[in-house]
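Below is one structure, written out as structure tokens, with a few remarks after it.
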Amino acid sequence: MVAVSPDVAAAPVSPAPTRFAAWRERLTYPVLVANLVAQIGIVVTGGAVRLTGSGLGCSTWPQCEPGQFTAAFHPETTYHQYVEFGNRTLTGVLGVIAVAVALLVWFDRDRSAAYRWLGLAPLAGVVTQALIGGVVVLLHLHPAWVSLHFLVSMALVAASTLLVHRSREGDGPRIPVVGPWSRRLAPVLAVLVGVVLTLGVVTTGAGPHSGDEEVGYRIAVDPYLMARVHAASVWLFLAVLGVLLWLNRRGPRLLRRRGWVMVGLVALQGVIGYVQVATDLPILLVLLHMLGAALLAAGTTRYLLTFRTRA
């Protein structure tokens, strides 16, 4: 038997993980992905509200009608009330997911404070969006608030994509995997996607799908002129993306693959955009265009995050 000197300190023993920690480890990533999917999904249901003219399907907020929180059937009821109430219901589901995200991320004490604070973004966003949605109804679909409602959704999609990405990487310093010119162009691409989305909102608001069948063309600008300006911003975005693809043609495989995914997203959005204008803006194509906008926000965020790695 080998004698152990009393002067040799015993090796520290790591405490066994608690049941909550074990569940957190197992559930965090799936819940973060569910949050991202739900954030994109509510863009689609919100788009359905707008495109079917159901923006005032519920006449007040937070109730649907005075004295009732849910849609109620009566002989004069139209489908608009159910479309609007369905979107509000999905907001409640998204709120539950956002609470789960906040709990799982905030109590992960092994992660950085920046990551844990980011975990509160979906919950803060859901609350903000509920308030903005209430203002939209109470102000009878004021175009500025309707536009803000959509753009906040785009910001939440980007933040949720960032959260999914950060959950799978460490908290060490950022290590770039691209050259200096790509790093300079990265914020340009980020700004341009914001410009593209904003001009898209103005273009939709200038057209017949403003959210209320009784009041169209809420933004008083020429819709065809706005469509051309919006298309020009997309071409500029695609030009910058093309330069990045060329600069990173010998970069990591993951970076190159996500770059080509971005090309596919932009091309698909472009085709839908041109076809919808040429066919007098059918609702289904406009709805697909809104879904594509959310995917573009997520894809751009994911692509730019591939420009660096963290240990």
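Letters A, B, ... mark the chains of the structure tokens in the order given; residue numbers begin at 1 per chain; ligand numbers begin at 1, in order shown.
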Check the DSSP output for the backbone and give back, as a PyMOL selection string, the residues of stretch 95-165 of chain A in alpha helix (DSSP H).
-> chain A and resi 95-106+113-118+121-138+143-165
Write out as a tab-separated table (two decimals) with all heavy atoms, in the first residue's frame the residues lying within 10 Å of A:Ala130, counting only C-alpha atoms and excluding same-chain residues fewer than 5 positions away.
chain	number	residue	atom	x	y	z
A	61	TRP	N	-58.17	47.03	-27.28
A	61	TRP	CA	-57.03	46.30	-26.70
A	61	TRP	C	-56.90	46.73	-25.24
A	61	TRP	O	-57.14	47.90	-24.92
A	61	TRP	CB	-55.74	46.67	-27.45
A	61	TRP	CG	-54.53	45.93	-27.00
A	61	TRP	CD1	-54.05	44.74	-27.47
A	61	TRP	CD2	-53.62	46.31	-25.96
A	61	TRP	NE1	-52.92	44.35	-26.80
A	61	TRP	CE2	-52.63	45.31	-25.86
A	61	TRP	CE3	-53.55	47.39	-25.08
A	61	TRP	CZ2	-51.60	45.36	-24.93
A	61	TRP	CZ3	-52.52	47.45	-24.15
A	61	TRP	CH2	-51.55	46.44	-24.09
A	62	PRO	N	-56.57	45.84	-24.29
A	62	PRO	CA	-56.17	44.43	-24.48
A	62	PRO	C	-57.33	43.48	-24.73
A	62	PRO	O	-57.12	42.33	-25.07
A	62	PRO	CB	-55.45	44.12	-23.17
A	62	PRO	CG	-56.13	44.97	-22.16
A	62	PRO	CD	-56.46	46.26	-22.88
A	88	ARG	N	-53.10	37.29	-31.68
A	88	ARG	CA	-52.89	37.63	-30.28
A	88	ARG	C	-52.61	36.37	-29.44
A	88	ARG	O	-51.81	36.41	-28.50
A	88	ARG	CB	-54.11	38.36	-29.73
A	88	ARG	CG	-54.34	39.73	-30.34
A	88	ARG	CD	-55.46	40.47	-29.62
A	88	ARG	NE	-55.74	41.76	-30.24
A	88	ARG	CZ	-56.53	42.67	-29.71
A	88	ARG	NH1	-57.13	42.44	-28.54
A	88	ARG	NH2	-56.75	43.82	-30.33
A	91	THR	N	-49.13	35.36	-29.76
A	91	THR	CA	-48.29	36.24	-28.94
A	91	THR	C	-48.19	35.68	-27.53
A	91	THR	O	-47.11	35.72	-26.90
A	91	THR	CB	-48.88	37.66	-28.91
A	91	THR	OG1	-48.94	38.18	-30.23
A	91	THR	CG2	-48.03	38.58	-28.05
A	92	GLY	N	-49.31	35.14	-27.00
A	92	GLY	CA	-49.27	34.53	-25.67
A	92	GLY	C	-48.36	33.32	-25.63
A	92	GLY	O	-47.59	33.13	-24.67
A	95	GLY	N	-44.92	34.47	-25.62
A	95	GLY	CA	-44.57	34.98	-24.30
A	95	GLY	C	-44.14	33.87	-23.36
A	95	GLY	O	-43.18	34.03	-22.59
A	125	GLY	N	-38.90	41.93	-25.71
A	125	GLY	CA	-39.47	42.19	-27.03
A	125	GLY	C	-40.94	41.84	-27.12
A	125	GLY	O	-41.73	42.58	-27.72
A	135	VAL	N	-51.25	49.91	-29.21
A	135	VAL	CA	-51.27	51.27	-29.74
A	135	VAL	C	-51.75	51.26	-31.19
A	135	VAL	O	-52.52	52.14	-31.62
A	135	VAL	CB	-49.86	51.91	-29.64
A	135	VAL	CG1	-49.83	53.25	-30.37
A	135	VAL	CG2	-49.47	52.09	-28.18
A	136	VAL	N	-51.31	50.25	-31.96
A	136	VAL	CA	-51.74	50.14	-33.38
A	136	VAL	C	-53.26	50.07	-33.47
A	136	VAL	O	-53.89	50.75	-34.29
A	136	VAL	CB	-51.09	48.90	-34.04
A	136	VAL	CG1	-51.75	48.60	-35.38
A	136	VAL	CG2	-49.60	49.14	-34.25
A	149	HIS	N	-44.08	48.15	-35.66
A	149	HIS	CA	-44.45	46.81	-35.20
A	149	HIS	C	-43.69	45.74	-35.99
A	149	HIS	O	-43.15	44.78	-35.41
A	149	HIS	CB	-45.96	46.65	-35.40
A	149	HIS	CG	-46.59	45.63	-34.51
A	149	HIS	ND1	-46.14	45.34	-33.23
A	149	HIS	CD2	-47.68	44.83	-34.70
A	149	HIS	CE1	-46.91	44.42	-32.69
A	149	HIS	NE2	-47.85	44.08	-33.56
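What separates atom CA of A:Leu245 from atom CA of A:Gly259 is a distance of 6.3 Å.
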A:Leu288, A:Val105, A:Val83, A:Leu156 ranked by distance to A:Cys64, top pick (using only C-alpha atoms) |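 Of A:Leu288, A:Val105, A:Val83, A:Leu156, the one nearest A:Cys64 is A:Val83, counting only C-alpha atoms.
The list of residues with at least one atom within 8 Å of stretch 112-118 of chain A, based on only C-alpha atoms and without residues fewer than 2 positions apart in the same chain, reads Val105, Trp106, Phe107, Asp108, Arg109, Asp110, Leu120, Ala121, Ala159, Leu163, Arg166 and Asp171 of chain A.
Proximity ranking of A:Val191, A:Leu305, A:Ile175, A:Leu32 relative to A:Leu104 places A:Leu32 first, based on only C-alpha atoms.
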Go through A:Ala100, A:Leu304, A:Ala293, A:Val202 one by one, measure the shortest atom-to-atom distance of each to A:Arg24 using only C-alpha atoms, and give the residue with the smallest value.
->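 Checking each candidate against A:Arg24, we get A:Ala100 as the closest.
Taking only C-alpha atoms into account, A:Ile97 lies nearest to A:Ala38 out of the set A:Val286, A:Ala38, A:Ala21, A:Val43.
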Counting only C-alpha atoms, which of A:Gly47, A:Pro180, A:Pro208, A:Gly194 gets nearest to A:Met290?
->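 Under the stated criterion, the closest residue is A:Gly47.
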Write out as a ChimeraX atom specification the residues lying within 12 Å of stretch 267-280 of chain A, counting only C-alpha atoms and excluding same-chain residues fewer than 4 positions away.
-> /A:196-197,200,203-204,207-209,223-228,230-235,237-238,241,260-263,284-297
Nearest candidate to A:Met154 (options A:Thr300, A:Ala34, A:Arg310, A:Val221; using only C-alpha atoms) |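 Comparing A:Thr300, A:Ala34, A:Arg310, A:Val221 against A:Met154, the winner is A:Thr300.
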Give me, please, the distance in Å between atom CA of A:Ser153 and atom CA of A:Ala190, quoted to one decimal.
->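 Rounded to one decimal, the two atoms are 16.0 Å apart.
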Write out as a PyMOL selection string which residues come within 12 Å of A:Val93 when counting only C-alpha atoms, dropping same-chain ones fewer than 6 positions away.
-> chain A and resi 34-35+37-39+41-42+86-87+99-100+123+126
Quick one: write out the picked residues with C-alpha atoms as a tab-separated table (two decimals), in the first residue's frame?
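File produced: out.tsv:
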chain	number	residue	atom	x	y	z
A	34	ALA	CA	-38.32	27.20	-30.67
A	35	ASN	CA	-38.17	30.88	-29.78
A	37	VAL	CA	-39.13	29.69	-35.04
A	38	ALA	CA	-41.96	31.36	-33.10
A	39	GLN	CA	-40.51	34.83	-33.73
A	41	GLY	CA	-43.95	32.49	-37.22
A	42	ILE	CA	-45.56	35.53	-35.66
A	86	GLY	CA	-55.40	34.09	-33.46
A	87	ASN	CA	-52.41	36.37	-33.84
A	99	VAL	CA	-40.19	33.34	-20.18
A	100	ALA	CA	-38.60	29.89	-20.56
A	123	LEU	CA	-39.23	38.53	-23.20
A	126	VAL	CA	-42.74	40.32	-26.55
